[in-house]
Amino acid sequence: MGNVEGVVRATERAQAAMAWGDAGENDGETLLPFSVHVVTTEAQLDAVQSLRETAYGRHLPHLKASFGLPDPLDRGPGTTVFYAEDKLTGEVVGSARIQTNRHAPLQIERSLELPAQWRGKRLAEITRLAVRPGYGGPVRLALVKASHLYCIAMQISAVLAGSRQSLLRSYRMLGFSPLFEEGRLVPLVHAGGLPHHVLVRDMVTAEADARARNSGDHEFVFRTYHPDIDLFAAVGERVRHGLRPVTSH
């Protein structure tokens, strides 16, 4: 019976993953096989930590255990953690973290000096971008879209990211470009001193850049409505129902 249920679940997930590209032609919405939210509970954060340990441990086995430990930055001011949750299983299948420099310098600034054009600007850094190994669907792209929407709302000028060589192509496809000259590697203190490419995504020109590249992320991020990327529940509640009437005590 367990095997049958497993096959049914796998089939349903595959159908959902295929549907995300075709759904919503008549109603202007595209559905995903997962949903994206902001972490608001300790249980959600525990699940994210477990995912990080699994995802990062695959490529950095010597650091696997450390990625599963509590990270003080997750609870710090100016930090927001997103998670993607599979609709069928409830499993956390992806996560990303955004830290802004509103309250403190970015982590990446411990390892480099920002170019003049970005000094004194409202910036953010995306870290801990992780996807469950083997999971289908555009999880990484959805997390980048969530980060983009959040940063627009927070009036962020640009997003910085440190990328290992293995993920460089993925970041470039998502609209990030080198902060310094092409190929320069910077050992990042907050990434165990490992050399990383340092990338930037200009929030002001991101849409035009994606359009000029004729990139696949342009339609997904800028021209498609995904109700499953749900970051502003309070705003949505206000739009749907208006202001709640004041109740007397």
# chains A, B, ... in the order shown; residues from 1 in each chain; ligands from 1
>>> select_by_dssp(residues="segment 20-226 of chain A", states="helix (DSSP H, G or I)", output="PyMOL selection string")
chain A and resi 42-59+61-67+72-75+107-110+116-118+139-153+165-173+189-191+206-213+216-222
>>> closest_atom_pairs(of="segment 128-222 of chain A", to="segment 99-118 of chain A", cutoff="12 Å", atoms="only C-alpha atoms", output="JSON lines")
{"residue": "A:Arg128", "atom": "CA", "partner": "A:Gln99", "partner_atom": "CA", "distance": 10.8}
{"residue": "A:Ser147", "atom": "CA", "partner": "A:Gln99", "partner_atom": "CA", "distance": 10.3}
{"residue": "A:Tyr150", "atom": "CA", "partner": "A:Thr100", "partner_atom": "CA", "distance": 10.7}
{"residue": "A:Cys151", "atom": "CA", "partner": "A:Thr100", "partner_atom": "CA", "distance": 8.8}
{"residue": "A:Met154", "atom": "CA", "partner": "A:Thr100", "partner_atom": "CA", "distance": 8.9}
{"residue": "A:Gln155", "atom": "CA", "partner": "A:Thr100", "partner_atom": "CA", "distance": 10.4}
{"residue": "A:Ile156", "atom": "CA", "partner": "A:Thr100", "partner_atom": "CA", "distance": 8.0}
{"residue": "A:Ser157", "atom": "CA", "partner": "A:Trp118", "partner_atom": "CA", "distance": 8.4}
{"residue": "A:Ala158", "atom": "CA", "partner": "A:Trp118", "partner_atom": "CA", "distance": 8.1}
{"residue": "A:Val159", "atom": "CA", "partner": "A:Thr100", "partner_atom": "CA", "distance": 8.8}
{"residue": "A:Leu160", "atom": "CA", "partner": "A:Ile108", "partner_atom": "CA", "distance": 8.2}
{"residue": "A:Ala161", "atom": "CA", "partner": "A:Ile108", "partner_atom": "CA", "distance": 8.1}
{"residue": "A:Gly162", "atom": "CA", "partner": "A:Ile108", "partner_atom": "CA", "distance": 7.8}
{"residue": "A:Ser163", "atom": "CA", "partner": "A:Ile108", "partner_atom": "CA", "distance": 11.5}
{"residue": "A:Pro178", "atom": "CA", "partner": "A:Pro115", "partner_atom": "CA", "distance": 11.6}
{"residue": "A:Leu179", "atom": "CA", "partner": "A:Pro115", "partner_atom": "CA", "distance": 7.9}
{"residue": "A:Phe180", "atom": "CA", "partner": "A:Pro115", "partner_atom": "CA", "distance": 8.1}
{"residue": "A:Glu181", "atom": "CA", "partner": "A:Pro115", "partner_atom": "CA", "distance": 11.3}
{"residue": "A:Arg184", "atom": "CA", "partner": "A:Leu112", "partner_atom": "CA", "distance": 12.0}
{"residue": "A:Leu185", "atom": "CA", "partner": "A:Leu112", "partner_atom": "CA", "distance": 10.9}
{"residue": "A:Val186", "atom": "CA", "partner": "A:Ser111", "partner_atom": "CA", "distance": 7.4}
{"residue": "A:Pro187", "atom": "CA", "partner": "A:Ser111", "partner_atom": "CA", "distance": 7.0}
{"residue": "A:Leu188", "atom": "CA", "partner": "A:Ser111", "partner_atom": "CA", "distance": 5.5}
{"residue": "A:Val189", "atom": "CA", "partner": "A:Ser111", "partner_atom": "CA", "distance": 6.0}
{"residue": "A:His190", "atom": "CA", "partner": "A:Gln107", "partner_atom": "CA", "distance": 6.6}
{"residue": "A:Ala191", "atom": "CA", "partner": "A:Ile108", "partner_atom": "CA", "distance": 9.2}
{"residue": "A:Gly192", "atom": "CA", "partner": "A:Ser111", "partner_atom": "CA", "distance": 11.3}
{"residue": "A:Gly193", "atom": "CA", "partner": "A:Ser111", "partner_atom": "CA", "distance": 9.1}
{"residue": "A:Leu194", "atom": "CA", "partner": "A:Ser111", "partner_atom": "CA", "distance": 11.0}
{"residue": "A:Pro195", "atom": "CA", "partner": "A:Ser111", "partner_atom": "CA", "distance": 10.5}
{"residue": "A:His196", "atom": "CA", "partner": "A:Ile108", "partner_atom": "CA", "distance": 10.6}
{"residue": "A:His197", "atom": "CA", "partner": "A:Ile108", "partner_atom": "CA", "distance": 11.4}
{"residue": "A:Val198", "atom": "CA", "partner": "A:Ile108", "partner_atom": "CA", "distance": 8.8}
{"residue": "A:Leu199", "atom": "CA", "partner": "A:Ile108", "partner_atom": "CA", "distance": 10.8}
{"residue": "A:Val200", "atom": "CA", "partner": "A:Trp118", "partner_atom": "CA", "distance": 10.1}
{"residue": "A:Arg201", "atom": "CA", "partner": "A:Trp118", "partner_atom": "CA", "distance": 11.5}
{"residue": "A:Asp202", "atom": "CA", "partner": "A:Trp118", "partner_atom": "CA", "distance": 10.0}
>>> residues_around(residues="Leu174 of chain A", least_positions_apart="3", cutoff="10 Å", atoms="only C-alpha atoms", output="VMD selection string")
chain A and resid 140 to 141 144 to 145 168 to 171 177 201 206 210 215 to 218 221
>>> select_by_dssp(residues="segment 40-180 of chain A", states="strand (DSSP E or B)", output="VMD selection string")
chain A and resid 79 to 86 92 to 100 123 to 131 158 to 163 177 to 178
>>> residues_around(residues="Thr127 of chain A", least_positions_apart="2", cutoff="8 Å", atoms="only C-alpha atoms", output="list of chain:residue names")
A:Ala96, A:Arg97, A:Ile98, A:Glu125, A:Leu129, A:Ala161, A:Gly162
>>> closest_residue(among="A:Tyr225, A:Tyr135, A:Tyr56, A:Phe176", to="Ala84 of chain A", atoms="only C-alpha atoms")
A:Tyr135
>>> residues_around(residues="Leu51 of chain A", least_positions_apart="2", cutoff="10 Å", atoms="only C-alpha atoms", output="MDAnalysis selection string")
chainID A and resid 45:49 53:57 67:68 83 91:95 130:133
>>> closest_residue(among="A:Met203, A:Ala233, A:Leu32, A:Leu73", to="Asp86 of chain A", atoms="only C-alpha atoms")
A:Leu32
>>> residues_around(residues="Leu231 of chain A", least_positions_apart="2", cutoff="10 Å", atoms="only C-alpha atoms", output="PyMOL selection string")
chain A and resi 36-39+82+146-147+149-150+227-229+233-236
>>> closest_residue(among="A:Asp71, A:Gly90, A:Gly175, A:His226", to="Ala212 of chain A", atoms="only C-alpha atoms")
A:Gly175
>>> closest_residue(among="A:Glu85, A:Ser35, A:Gly183, A:Gly76", to="Gln165 of chain A", atoms="only C-alpha atoms")
A:Gly183
